[in-house]
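Enquirer: Next comes run_31.cif, mmCIF, C-alpha atoms:
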data_start
loop_
_atom_site.label_atom_id
_atom_site.label_comp_id
_atom_site.auth_asym_id
_atom_site.auth_seq_id
_atom_site.Cartn_x
_atom_site.Cartn_y
_atom_site.Cartn_z
CA MET A 1 -118.62 26.07 73.40
CA SER A 2 -118.15 27.55 69.94
CA THR A 3 -114.48 27.68 69.08
CA ALA A 4 -114.66 28.82 65.48
CA ALA A 5 -111.68 31.07 64.96
CA PRO A 6 -112.60 34.70 64.21
CA ALA A 7 -112.41 35.39 60.50
CA ASP A 8 -109.52 37.82 60.83
CA TRP A 9 -107.35 35.10 62.44
CA LYS A 10 -107.57 33.18 59.18
CA THR A 11 -107.18 36.05 56.74
CA ALA A 12 -105.12 38.77 58.44
CA PRO A 13 -101.36 38.50 59.06
CA ALA A 14 -100.40 37.11 62.44
CA PRO A 15 -99.25 39.62 65.07
CA THR A 16 -95.59 40.52 64.87
CA ASP A 17 -94.90 42.08 68.25
CA ALA A 18 -95.68 41.58 71.93
CA ALA A 19 -98.57 44.05 71.96
CA GLY A 20 -100.19 42.26 69.03
CA TRP A 21 -99.92 38.86 70.69
CA ILE A 22 -101.30 40.14 73.98
CA ALA A 23 -104.22 41.58 72.01
CA ARG A 24 -104.67 38.19 70.32
CA ALA A 25 -104.75 36.58 73.78
CA ALA A 26 -107.49 39.04 74.78
CA GLU A 27 -109.51 37.90 71.76
CA VAL A 28 -109.09 34.29 72.85
CA ALA A 29 -110.15 35.28 76.36
CA ALA A 30 -113.30 36.91 75.00
CA VAL A 31 -114.30 33.61 73.36
CA LEU A 32 -113.55 31.67 76.54
CA ALA A 33 -115.41 34.14 78.76
CA SER A 34 -118.68 33.68 76.89
CA ASP A 35 -119.40 30.39 78.66
CA ALA A 36 -116.62 30.02 81.21
CA ALA A 37 -118.90 29.35 84.16
CA ALA A 38 -120.85 26.66 82.29
CA ARG A 39 -117.69 24.93 81.07
CA ASP A 40 -116.25 24.99 84.57
CA LYS A 41 -119.39 23.31 85.88
CA ALA A 42 -119.35 20.67 83.13
CA ALA A 43 -115.63 19.93 83.65
CA ALA A 44 -115.40 18.25 80.24
CA THR A 45 -112.05 17.47 78.65
CA PRO A 46 -111.03 20.78 76.97
CA TYR A 47 -110.38 19.55 73.45
CA ALA A 48 -112.21 22.51 71.93
CA GLU A 49 -110.35 25.00 74.12
CA VAL A 50 -106.96 23.61 73.09
CA ARG A 51 -108.05 23.76 69.45
CA LEU A 52 -108.87 27.44 70.02
CA LEU A 53 -105.35 28.02 71.38
CA LYS A 54 -103.90 26.38 68.29
CA GLU A 55 -106.09 28.27 65.82
CA SER A 56 -105.19 31.57 67.46
CA GLY A 57 -101.47 30.83 67.14
CA LEU A 58 -100.84 31.11 70.88
CA VAL A 59 -99.39 27.60 71.19
CA THR A 60 -96.43 28.54 68.98
CA LEU A 61 -95.78 31.89 70.65
CA LEU A 62 -92.24 30.92 71.75
CA GLY A 63 -91.45 28.92 68.60
CA PRO A 64 -88.90 29.98 65.96
CA VAL A 65 -90.29 32.26 63.27
CA GLU A 66 -88.63 30.30 60.48
CA HIS A 67 -90.73 27.26 61.41
CA GLY A 68 -94.04 29.04 61.90
CA GLY A 69 -93.66 30.27 65.46
CA ALA A 70 -94.03 33.81 66.73
CA GLY A 71 -90.50 34.14 68.11
CA GLN A 72 -91.65 35.95 71.25
CA ASP A 73 -89.96 36.03 74.65
CA TRP A 74 -90.90 34.93 78.16
CA PRO A 75 -92.26 38.31 79.35
CA THR A 76 -94.72 38.20 76.45
CA ALA A 77 -95.64 34.59 77.21
CA TYR A 78 -96.37 35.48 80.83
CA ARG A 79 -98.62 38.36 79.77
CA VAL A 80 -100.45 36.08 77.32
CA VAL A 81 -101.03 33.51 80.08
CA ARG A 82 -102.32 36.27 82.36
CA GLU A 83 -104.72 37.50 79.68
CA VAL A 84 -106.16 34.05 78.97
CA ALA A 85 -106.49 33.28 82.68
CA LYS A 86 -108.70 36.35 83.16
CA ALA A 87 -111.42 34.44 81.35
CA ASP A 88 -110.56 30.87 82.33
CA GLY A 89 -107.98 29.96 84.94
CA SER A 90 -107.82 26.35 83.79
CA ILE A 91 -106.98 27.24 80.21
CA GLY A 92 -104.49 29.84 81.41
CA GLN A 93 -102.74 27.13 83.40
CA LEU A 94 -102.81 24.70 80.47
CA LEU A 95 -101.24 27.29 78.19
CA GLY A 96 -98.62 28.27 80.76
CA TYR A 97 -97.62 24.67 81.39
CA HIS A 98 -97.50 24.10 77.64
CA TYR A 99 -94.96 26.91 77.32
CA LEU A 100 -92.89 25.40 80.12
CA TRP A 101 -92.78 21.92 78.63
CA ASN A 102 -92.14 23.30 75.15
CA TRP A 103 -89.11 25.03 76.70
CA ALA A 104 -87.88 21.90 78.51
CA ALA A 105 -85.64 20.83 75.63
CA ARG A 106 -83.92 24.23 75.65
CA LEU A 107 -83.66 24.10 79.45
CA VAL A 108 -81.71 20.83 79.64
CA GLY A 109 -81.01 19.68 76.07
CA THR A 110 -78.17 20.12 73.68
CA ARG A 111 -78.47 22.75 70.96
CA GLU A 112 -79.15 20.07 68.37
CA GLN A 113 -81.93 18.61 70.52
CA TRP A 114 -83.74 21.82 71.36
CA GLU A 115 -83.51 23.18 67.83
CA HIS A 116 -85.10 19.97 66.55
CA VAL A 117 -87.86 19.95 69.18
CA GLU A 118 -88.71 23.61 68.76
CA ALA A 119 -88.84 23.33 64.97
CA GLU A 120 -91.10 20.27 65.06
CA ALA A 121 -93.31 21.78 67.76
CA ALA A 122 -93.82 24.97 65.77
CA ARG A 123 -94.41 23.23 62.44
CA ASN A 124 -96.90 20.75 63.90
CA GLN A 125 -98.49 22.98 66.55
CA TRP A 126 -97.73 20.45 69.25
CA PHE A 127 -99.52 20.94 72.52
CA PHE A 128 -97.35 19.81 75.44
CA GLY A 129 -98.16 17.99 78.65
CA GLY A 130 -95.80 16.82 81.36
CA ALA A 131 -95.52 13.77 83.63
CA VAL A 132 -93.16 15.39 86.13
CA ASN A 133 -94.33 15.53 89.75
CA PRO A 134 -91.38 15.69 92.16
CA ARG A 135 -93.43 14.85 95.29
CA ASP A 136 -94.08 11.33 93.93
CA GLN A 137 -91.63 8.46 93.93
CA ASP A 138 -89.19 8.78 91.06
CA VAL A 139 -89.98 7.12 87.76
CA VAL A 140 -87.30 4.49 87.11
CA VAL A 141 -85.36 4.83 83.87
CA LYS A 142 -83.52 1.74 82.65
CA ASP A 143 -80.70 1.64 80.12
CA GLU A 144 -81.64 -0.95 77.49
CA GLY A 145 -78.69 -0.41 75.16
CA ASP A 146 -79.78 1.97 72.41
CA THR A 147 -82.99 2.82 74.22
CA LEU A 148 -84.30 3.81 77.64
CA THR A 149 -87.48 2.65 79.35
CA PHE A 150 -89.50 4.78 81.79
CA THR A 151 -91.59 2.95 84.38
CA GLY A 152 -93.61 4.34 87.29
CA ARG A 153 -96.59 6.50 88.18
CA LYS A 154 -97.17 10.19 88.74
CA SER A 155 -100.17 11.64 90.59
CA PHE A 156 -100.47 14.68 88.37
CA SER A 157 -99.90 15.15 84.66
CA THR A 158 -101.33 18.50 83.58
CA GLY A 159 -102.49 18.55 79.98
CA SER A 160 -102.49 14.75 79.73
CA ARG A 161 -105.36 13.81 77.42
CA VAL A 162 -105.31 17.04 75.39
CA SER A 163 -101.58 16.94 74.66
CA ASP A 164 -99.81 15.86 71.49
CA VAL A 165 -96.52 15.17 73.27
CA THR A 166 -95.58 14.60 76.91
CA VAL A 167 -92.40 15.41 78.81
CA LEU A 168 -91.20 12.45 80.88
CA GLU A 169 -88.74 12.61 83.75
CA GLY A 170 -87.14 9.91 85.84
CA VAL A 171 -83.95 8.71 87.51
CA LEU A 172 -81.53 6.41 85.74
CA ALA A 173 -81.45 3.13 87.64
CA GLY A 174 -78.39 2.77 89.85
CA THR A 175 -77.53 6.47 89.69
CA ASP A 176 -78.78 9.86 90.89
CA ASP A 177 -79.00 11.13 87.32
CA HIS A 178 -82.30 12.58 86.15
CA VAL A 179 -83.42 12.07 82.57
CA PHE A 180 -85.90 14.20 80.60
CA ALA A 181 -87.38 13.07 77.30
CA ILE A 182 -90.30 14.09 75.08
CA VAL A 183 -92.57 11.37 73.67
CA PRO A 184 -95.83 11.28 71.71
CA SER A 185 -98.74 11.25 74.15
CA ASP A 186 -100.14 8.14 72.48
CA SER A 187 -96.91 6.19 73.09
CA GLU A 188 -97.28 2.54 74.04
CA GLY A 189 -97.11 2.11 77.79
CA LEU A 190 -98.28 5.66 78.58
CA THR A 191 -101.71 5.63 80.27
CA PHE A 192 -103.49 8.78 81.44
CA HIS A 193 -106.07 8.38 84.20
CA ASP A 194 -109.33 10.30 84.26
CA ASP A 195 -109.04 11.01 87.99
CA TRP A 196 -108.70 14.80 88.26
CA ASP A 197 -111.71 15.79 90.39
CA ASN A 198 -110.64 18.78 92.46
CA ILE A 199 -112.58 21.86 93.48
CA GLY A 200 -110.66 24.18 91.17
CA GLN A 201 -108.72 24.29 87.90
CA ARG A 202 -111.19 21.64 86.81
CA LEU A 203 -110.37 21.74 83.08
CA THR A 204 -106.61 21.26 83.36
CA GLU A 205 -106.64 17.48 82.84
CA SER A 206 -104.21 17.13 85.74
CA GLY A 207 -104.96 13.50 86.55
CA GLY A 208 -102.47 10.74 87.18
CA VAL A 209 -100.40 8.86 84.63
CA THR A 210 -98.84 5.40 84.56
CA LEU A 211 -95.66 4.66 82.62
CA ASP A 212 -95.15 1.01 81.76
CA ALA A 213 -91.76 0.61 80.10
CA VAL A 214 -92.27 3.59 77.78
CA ARG A 215 -89.42 3.33 75.29
CA VAL A 216 -87.28 6.30 74.33
CA PRO A 217 -84.13 6.33 72.19
CA TRP A 218 -81.01 7.49 74.01
CA SER A 219 -80.74 10.28 71.44
CA ALA A 220 -83.92 11.78 72.93
CA ALA A 221 -82.50 11.96 76.47
CA ALA A 222 -82.24 15.74 76.87
CA GLY A 223 -78.73 17.00 77.51
CA TYR A 224 -77.05 13.59 77.24
CA VAL A 225 -74.12 13.00 74.90
CA GLY A 226 -72.61 9.53 74.88
CA LYS A 227 -74.92 8.61 77.77
CA ARG A 228 -73.44 11.35 79.93
CA PHE A 229 -75.30 14.48 80.96
CA ARG A 230 -73.68 17.85 80.26
CA PRO A 231 -74.85 20.20 83.05
CA ARG A 232 -75.13 23.99 82.92
CA VAL A 233 -76.28 26.45 85.58
CA TYR A 234 -79.05 27.37 83.12
CA ASN A 235 -80.58 23.92 83.79
CA THR A 236 -81.58 25.19 87.23
CA LEU A 237 -83.82 27.99 85.92
CA ASN A 238 -86.74 25.54 85.82
CA VAL A 239 -88.19 26.53 89.20
CA PRO A 240 -88.14 30.34 88.88
CA THR A 241 -89.51 30.10 85.34
CA ILE A 242 -92.27 27.73 86.45
CA GLN A 243 -93.13 29.90 89.44
CA LEU A 244 -93.51 32.96 87.21
CA VAL A 245 -96.05 31.05 85.13
CA PHE A 246 -97.94 30.40 88.37
CA VAL A 247 -97.73 34.07 89.31
CA ASN A 248 -99.22 35.17 86.03
CA PHE A 249 -102.21 32.89 85.93
CA TYR A 250 -102.92 33.77 89.58
CA LEU A 251 -102.89 37.43 88.62
CA GLY A 252 -105.00 36.74 85.56
CA ILE A 253 -107.60 34.92 87.63
CA ALA A 254 -107.61 37.77 90.14
CA ALA A 255 -108.03 40.37 87.39
CA GLY A 256 -110.83 38.35 85.83
CA ALA A 257 -112.57 38.09 89.18
CA LEU A 258 -112.34 41.83 89.73
CA GLU A 259 -113.60 42.67 86.23
CA THR A 260 -116.48 40.19 86.47
CA ALA A 261 -117.44 41.46 89.90
CA ALA A 262 -117.34 45.08 88.76
CA THR A 263 -119.70 44.28 85.90
CA TYR A 264 -122.05 42.58 88.35
CA THR A 265 -121.90 45.53 90.74
CA ARG A 266 -122.67 47.97 87.94
CA THR A 267 -125.56 45.95 86.49
CA LYS A 268 -127.06 43.77 89.22
CA SER A 269 -126.01 44.72 92.74
CA ARG A 270 -128.54 46.59 94.84
CA PRO A 271 -127.59 49.39 97.24
CA TRP A 272 -128.07 48.70 100.93
CA LEU A 273 -131.43 50.00 102.10
CA HIS A 274 -129.89 52.09 104.89
CA GLY A 275 -127.08 53.55 102.81
CA GLY A 276 -129.06 56.35 101.23
CA HIS A 277 -127.79 55.66 97.72
CA GLU A 278 -129.79 54.84 94.62
CA HIS A 279 -127.06 52.70 93.00
CA ALA A 280 -124.57 50.22 94.42
CA VAL A 281 -121.72 51.95 92.58
CA ASP A 282 -122.27 55.01 94.78
CA GLU A 283 -121.85 53.13 98.08
CA PRO A 284 -118.66 54.54 99.72
CA TYR A 285 -117.54 51.16 101.12
CA VAL A 286 -118.02 49.52 97.72
CA ILE A 287 -115.95 52.22 96.04
CA ASP A 288 -113.25 51.87 98.71
CA ILE A 289 -112.96 48.09 98.37
CA TYR A 290 -112.70 48.21 94.58
CA GLY A 291 -110.05 50.91 94.87
CA ASP A 292 -108.11 48.94 97.48
CA LEU A 293 -108.18 45.65 95.56
CA THR A 294 -107.31 47.29 92.24
CA ALA A 295 -104.34 49.14 93.73
CA LYS A 296 -103.00 45.89 95.21
CA LEU A 297 -103.44 44.03 91.94
CA TRP A 298 -101.75 46.73 89.87
CA ALA A 299 -98.78 46.78 92.25
CA VAL A 300 -98.18 43.03 91.98
CA GLU A 301 -98.67 43.08 88.20
CA ALA A 302 -95.96 45.75 87.97
CA LEU A 303 -93.62 43.65 90.12
CA ALA A 304 -94.38 40.56 88.02
CA ASP A 305 -93.52 42.39 84.81
CA ALA A 306 -90.30 43.73 86.29
CA VAL A 307 -89.18 40.29 87.49
CA ALA A 308 -90.08 38.77 84.12
CA ALA A 309 -87.83 41.31 82.40
CA GLU A 310 -84.99 40.45 84.80
CA GLY A 311 -85.41 36.76 83.99
CA GLN A 312 -85.35 37.36 80.26
CA LYS A 313 -81.79 38.66 80.56
CA LEU A 314 -80.80 35.20 81.82
CA HIS A 315 -82.69 33.47 79.01
CA ASP A 316 -80.98 35.70 76.45
CA ASP A 317 -77.53 34.34 77.31
CA PRO A 318 -77.94 30.82 78.80
CA ASP A 319 -74.23 30.02 78.88
CA ALA A 320 -73.49 33.11 80.97
CA VAL A 321 -75.91 32.29 83.81
CA THR A 322 -74.06 32.09 87.12
CA GLU A 323 -75.13 30.53 90.40
CA GLN A 324 -75.22 34.03 91.93
CA ALA A 325 -77.45 35.43 89.19
CA ARG A 326 -79.72 32.41 89.33
CA GLY A 327 -80.05 32.66 93.11
CA GLU A 328 -80.79 36.37 93.11
CA PHE A 329 -83.43 35.83 90.44
CA GLU A 330 -85.08 33.06 92.47
CA VAL A 331 -85.33 35.41 95.46
CA ARG A 332 -87.10 37.99 93.31
CA VAL A 333 -89.44 35.33 91.96
CA ALA A 334 -90.16 34.15 95.51
CA ALA A 335 -91.17 37.70 96.41
CA VAL A 336 -93.64 38.12 93.58
CA LYS A 337 -94.98 34.58 94.12
CA ALA A 338 -95.74 35.42 97.76
CA ARG A 339 -97.48 38.68 96.90
CA ALA A 340 -99.41 37.24 93.94
CA THR A 341 -100.70 34.41 96.11
CA ASP A 342 -101.91 36.78 98.81
CA VAL A 343 -103.54 39.30 96.50
CA ALA A 344 -105.24 36.68 94.32
CA LEU A 345 -106.73 34.95 97.36
CA GLU A 346 -107.86 38.27 98.79
CA ILE A 347 -109.49 39.52 95.60
CA THR A 348 -111.28 36.28 94.75
CA ASN A 349 -112.64 36.14 98.30
CA ARG A 350 -113.59 39.78 98.84
CA ILE A 351 -115.45 40.31 95.56
CA PHE A 352 -118.52 38.91 97.31
CA GLU A 353 -118.46 41.83 99.76
CA VAL A 354 -119.12 44.22 96.87
CA THR A 355 -121.50 42.11 94.79
CA GLY A 356 -123.95 40.97 97.43
CA ALA A 357 -125.76 37.83 98.51
CA ARG A 358 -127.41 37.18 95.15
CA ALA A 359 -123.97 36.99 93.53
CA THR A 360 -123.43 33.63 95.23
CA ALA A 361 -125.94 32.02 92.85
CA SER A 362 -124.41 29.06 91.00
CA ALA A 363 -125.47 30.55 87.68
CA GLU A 364 -123.17 33.53 88.24
CA GLY A 365 -120.11 31.31 88.68
CA LEU A 366 -118.18 33.87 90.73
CA ASP A 367 -116.99 31.14 93.06
CA ARG A 368 -114.82 29.59 90.33
CA PHE A 369 -112.24 32.34 90.65
CA TRP A 370 -111.59 31.61 94.33
CA ARG A 371 -111.74 27.83 93.81
CA ASN A 372 -109.16 28.06 91.04
CA VAL A 373 -106.72 30.22 93.01
CA ARG A 374 -107.19 28.29 96.24
CA THR A 375 -106.54 24.97 94.50
CA HIS A 376 -103.34 25.87 92.70
CA THR A 377 -101.77 28.10 95.36
CA LEU A 378 -101.46 24.94 97.47
CA HIS A 379 -98.91 23.65 94.95
CA ASP A 380 -96.08 24.63 97.32
CA PRO A 381 -96.28 26.51 100.65
CA VAL A 382 -95.82 30.23 100.19
CA ALA A 383 -94.22 30.42 103.64
CA TYR A 384 -91.14 28.75 102.17
CA LYS A 385 -90.97 31.46 99.51
CA ARG A 386 -90.99 34.11 102.21
CA ARG A 387 -88.25 32.17 104.00
CA GLU A 388 -86.04 32.35 100.90
CA ILE A 389 -86.46 36.13 100.88
CA GLY A 390 -85.90 36.57 104.60
CA ARG A 391 -82.76 34.48 104.71
CA HIS A 392 -81.31 36.37 101.76
CA VAL A 393 -82.06 39.72 103.36
CA LEU A 394 -80.62 38.75 106.75
CA THR A 395 -77.64 36.60 105.81
CA GLY A 396 -77.13 36.92 102.06
CA GLU A 397 -78.02 33.24 101.63
CA LEU A 398 -79.17 32.24 98.16
CA PRO A 399 -81.74 29.49 97.59
CA GLN A 400 -80.13 26.22 96.55
CA PRO A 401 -81.67 24.75 93.40
CA THR A 402 -84.24 22.05 94.19
CA TRP A 403 -87.56 21.10 92.63
CA TYR A 404 -89.19 23.89 94.65
CA SER A 405 -86.53 26.59 95.14
#
Using structure tokens, write down the structure from this file.

Expert:
Amino acid sequence: MSTAAPADWKTAPAPTDAAGWIARAAEVAAVLASDAAARDKAAATPYAEVRLLKESGLVTLLGPVEHGGAGQDWPTAYRVVREVAKADGSIGQLLGYHYLWNWAARLVGTREQWEHVEAEAARNQWFFGGAVNPRDQDVVVKDEGDTLTFTGRKSFSTGSRVSDVTVLEGVLAGTDDHVFAIVPSDSEGLTFHDDWDNIGQRLTESGGVTLDAVRVPWSAAAGYVGKRFRPRVYNTLNVPTIQLVFVNFYLGIAAGALETAATYTRTKSRPWLHGGHEHAVDEPYVIDIYGDLTAKLWAVEALADAVAAEGQKLHDDPDAVTEQARGEFEVRVAAVKARATDVALEITNRIFEVTGARATASAEGLDRFWRNVRTHTLHDPVAYKRREIGRHVLTGELPQPTWYS
């Protein structure tokens, strides 16, 4: 893969608004699309792809302008993730997770902590990974006086070997208190395992990680002052914000599948011999399926953008977030997560109906879109998202904050 930054990235001013950054993401996607199928097949560690994200400026999209960031908001970040995922679902996920972990300090930290982290991240173009998998046994955090040690293992650590810094999470021994901290990814005691070998999202470096007494100063424990955590309702926005990242790279993958299939249909598909048409694009059932899938995709994209805008109002005033507002937002996120999952699975499956048997050739790589969506949509059962919506509609119940709701 050639990841030389386009000349205008180096010489022209960086974008200054959302539209400009979404256009920049489309330029990145064009580079990624040139050999996406081959890179997916090779499943090599995406060092070059992360370098491309850094050179384009996308990694500092949410960072403060005064420290070299773009100062953009979450709705823009979601659209950027969606754009990148059109070309490469793995890199879209990596970028989306990077934004989440970059935001972790603001989510749970004190103002002094998150201002420091965001400034350093923007200045140094840190790429973030995270060793936080709630389905695994908790990492044990021990109080060693002025420092903490994190010990345990997590099955998944997306971004692992391509990250500059990693977000750790564990439970303080003898308590129920969770502790988040950000450490350099080459910290002593932090070992990433090359064991991610799944059918989809193959370039996300989502293998396991072992923590062997990784040392962290107490001052780096996010949100702790005098060894006591200072909670806010805003801390519980992690799940809806994470789920919206999922939504947007699902939609990006679906859009990429539809665009790639349409190109194939226009240039390679043959009309059925009994259909009476000279070109595949004139087949009525082909036209109908493309129209049906596109309408469904556009509808969910519109819902995703609307929900993202609703969420930004909460991000704009963190101290004003109430349990009611948080719960209502989670219900809306659950709705778009359910629809995005369904439409992405449908599109990435049904594109073969309108491309034909020859489109299943490995060289075409059309299967990667379905493999990517199918793999990640198993992250958490969508039925439980629908349950959140149904209970709210019927009884007014709001989802209680957990790792998955």

Enquirer: Check what the PyMOL selection byres ((chain A and resi 195-211) around 8) selects in the file above and give those residues as number ranges by chain.

Expert: A: 40, 43-46, 89-91, 93-94, 131, 150-162, 189-194, 212-214, 368, 371-376

Enquirer: Report as a PDB file with C-alpha atoms, in the frame of the given file all protein, DNA and RNA residues lying within 10 Å of stretch 17-26 of chain A, evaluated on all atoms listed in the file, omitting residues in the same chain fewer than 3 positions from it.

Expert:
ATOM      1  CA  TRP A   9    -107.350  35.100  62.440  1.00  0.00           C
ATOM      2  CA  ALA A  14    -100.400  37.110  62.440  1.00  0.00           C
ATOM      3  CA  ALA A  29    -110.150  35.280  76.360  1.00  0.00           C
ATOM      4  CA  ALA A  30    -113.300  36.910  75.000  1.00  0.00           C
ATOM      5  CA  VAL A  31    -114.300  33.610  73.360  1.00  0.00           C
ATOM      6  CA  LEU A  32    -113.550  31.670  76.540  1.00  0.00           C
ATOM      7  CA  LEU A  53    -105.350  28.020  71.380  1.00  0.00           C
ATOM      8  CA  SER A  56    -105.190  31.570  67.460  1.00  0.00           C
ATOM      9  CA  GLY A  57    -101.470  30.830  67.140  1.00  0.00           C
ATOM     10  CA  LEU A  58    -100.840  31.110  70.880  1.00  0.00           C
ATOM     11  CA  LEU A  61     -95.780  31.890  70.650  1.00  0.00           C
ATOM     12  CA  ALA A  70     -94.030  33.810  66.730  1.00  0.00           C
ATOM     13  CA  GLY A  71     -90.500  34.140  68.110  1.00  0.00           C
ATOM     14  CA  GLN A  72     -91.650  35.950  71.250  1.00  0.00           C
ATOM     15  CA  ASP A  73     -89.960  36.030  74.650  1.00  0.00           C
ATOM     16  CA  PRO A  75     -92.260  38.310  79.350  1.00  0.00           C
ATOM     17  CA  THR A  76     -94.720  38.200  76.450  1.00  0.00           C
ATOM     18  CA  ALA A  77     -95.640  34.590  77.210  1.00  0.00           C
ATOM     19  CA  TYR A  78     -96.370  35.480  80.830  1.00  0.00           C
ATOM     20  CA  ARG A  79     -98.620  38.360  79.770  1.00  0.00           C
ATOM     21  CA  VAL A  80    -100.450  36.080  77.320  1.00  0.00           C
ATOM     22  CA  VAL A  81    -101.030  33.510  80.080  1.00  0.00           C
ATOM     23  CA  ARG A  82    -102.320  36.270  82.360  1.00  0.00           C
ATOM     24  CA  GLU A  83    -104.720  37.500  79.680  1.00  0.00           C
ATOM     25  CA  VAL A  84    -106.160  34.050  78.970  1.00  0.00           C
ATOM     26  CA  ALA A  85    -106.490  33.280  82.680  1.00  0.00           C
ATOM     27  CA  LYS A  86    -108.700  36.350  83.160  1.00  0.00           C
ATOM     28  CA  ALA A  87    -111.420  34.440  81.350  1.00  0.00           C
TER      29      ALA A  87
END

Enquirer: Using all atoms listed in the file, which residues sit within 7 Å of stretch 303-308 of chain A once same-chain residues fewer than 6 positions away are excluded, as an MDAnalysis selection string?

Expert: chainID A and resid 75 332:333 336

Enquirer: How many Å lie between atom CA of A:Ile182 and atom CA of A:Val167, rounded to one decimal?

Expert: 4.5 Å

Enquirer: May I have the residues within 7 Å of stretch 397-400 of chain A as a list in words, using only C-alpha atoms and disregarding those fewer than 2 positions away in the same chain?

Expert: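 Near stretch 397-400 of chain A, the qualifying residues are Gly327, Glu328, Glu388, Arg391, His392, Thr395, Thr402 and Ser405 of chain A.
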
Enquirer: Evaluate the PyMOL selection byres ((chain A and resi 114) around 12) here and jot the selected residues down as number ranges by chain.

Expert: A: 63-64, 101-113, 115-122, 181-182, 219-223

Enquirer: Produce a file of the selected residues containing C-alpha atoms, as a PDB file, keeping the file's coordinate frame.

Expert:
ATOM      1  CA  GLY A  63     -91.450  28.920  68.600  1.00  0.00           C
ATOM      2  CA  PRO A  64     -88.900  29.980  65.960  1.00  0.00           C
ATOM      3  CA  TRP A 101     -92.780  21.920  78.630  1.00  0.00           C
ATOM      4  CA  ASN A 102     -92.140  23.300  75.150  1.00  0.00           C
ATOM      5  CA  TRP A 103     -89.110  25.030  76.700  1.00  0.00           C
ATOM      6  CA  ALA A 104     -87.880  21.900  78.510  1.00  0.00           C
ATOM      7  CA  ALA A 105     -85.640  20.830  75.630  1.00  0.00           C
ATOM      8  CA  ARG A 106     -83.920  24.230  75.650  1.00  0.00           C
ATOM      9  CA  LEU A 107     -83.660  24.100  79.450  1.00  0.00           C
ATOM     10  CA  VAL A 108     -81.710  20.830  79.640  1.00  0.00           C
ATOM     11  CA  GLY A 109     -81.010  19.680  76.070  1.00  0.00           C
ATOM     12  CA  THR A 110     -78.170  20.120  73.680  1.00  0.00           C
ATOM     13  CA  ARG A 111     -78.470  22.750  70.960  1.00  0.00           C
ATOM     14  CA  GLU A 112     -79.150  20.070  68.370  1.00  0.00           C
ATOM     15  CA  GLN A 113     -81.930  18.610  70.520  1.00  0.00           C
ATOM     16  CA  GLU A 115     -83.510  23.180  67.830  1.00  0.00           C
ATOM     17  CA  HIS A 116     -85.100  19.970  66.550  1.00  0.00           C
ATOM     18  CA  VAL A 117     -87.860  19.950  69.180  1.00  0.00           C
ATOM     19  CA  GLU A 118     -88.710  23.610  68.760  1.00  0.00           C
ATOM     20  CA  ALA A 119     -88.840  23.330  64.970  1.00  0.00           C
ATOM     21  CA  GLU A 120     -91.100  20.270  65.060  1.00  0.00           C
ATOM     22  CA  ALA A 121     -93.310  21.780  67.760  1.00  0.00           C
ATOM     23  CA  ALA A 122     -93.820  24.970  65.770  1.00  0.00           C
ATOM     24  CA  ALA A 181     -87.380  13.070  77.300  1.00  0.00           C
ATOM     25  CA  ILE A 182     -90.300  14.090  75.080  1.00  0.00           C
ATOM     26  CA  SER A 219     -80.740  10.280  71.440  1.00  0.00           C
ATOM     27  CA  ALA A 220     -83.920  11.780  72.930  1.00  0.00           C
ATOM     28  CA  ALA A 221     -82.500  11.960  76.470  1.00  0.00           C
ATOM     29  CA  ALA A 222     -82.240  15.740  76.870  1.00  0.00           C
ATOM     30  CA  GLY A 223     -78.730  17.000  77.510  1.00  0.00           C
TER      31      GLY A 223
END

Enquirer: Could you list, as a ChimeraX atom specification, every residue matched by the PyMOL selection byres ((chain A and resi 238-243) around 8) in this structure?

Expert: /A:97,100,107,235-237,244-247,311,329-330,333-334,337,401-405

Enquirer: Check the smallest atom-to-atom distance from each of A:Asp176, A:Asp367, A:Thr341, A:Ala359 to A:Ala383 using all atoms listed in the file, then report the winner.

Expert: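 Closest residue, counting all atoms listed in the file: A:Thr341.
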
Enquirer: Please determine, counting only C-alpha atoms, which residue among A:Arg387, A:His178, A:Arg215, A:Lys296 has the shortest atom-to-atom distance to A:Glu346.

Expert: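 Checking each of A:Arg387, A:His178, A:Arg215, A:Lys296 against A:Glu346, counting only C-alpha atoms, the winner is A:Lys296.
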
Enquirer: Just the number, please: distance in Å from atom CA of A:Leu366 to atom CA of A:Tyr290, one decimal.

Expert: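 Atom-to-atom, atom CA of A:Leu366 to atom CA of A:Tyr290, that is 15.8 Å.
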
Enquirer: Rounded to one decimal place, report the atom CA of A:Leu148-atom CA of A:Val183 distance in Å.

Expert: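 Between atom CA of A:Leu148 and atom CA of A:Val183 the gap works out to 11.9 Å.
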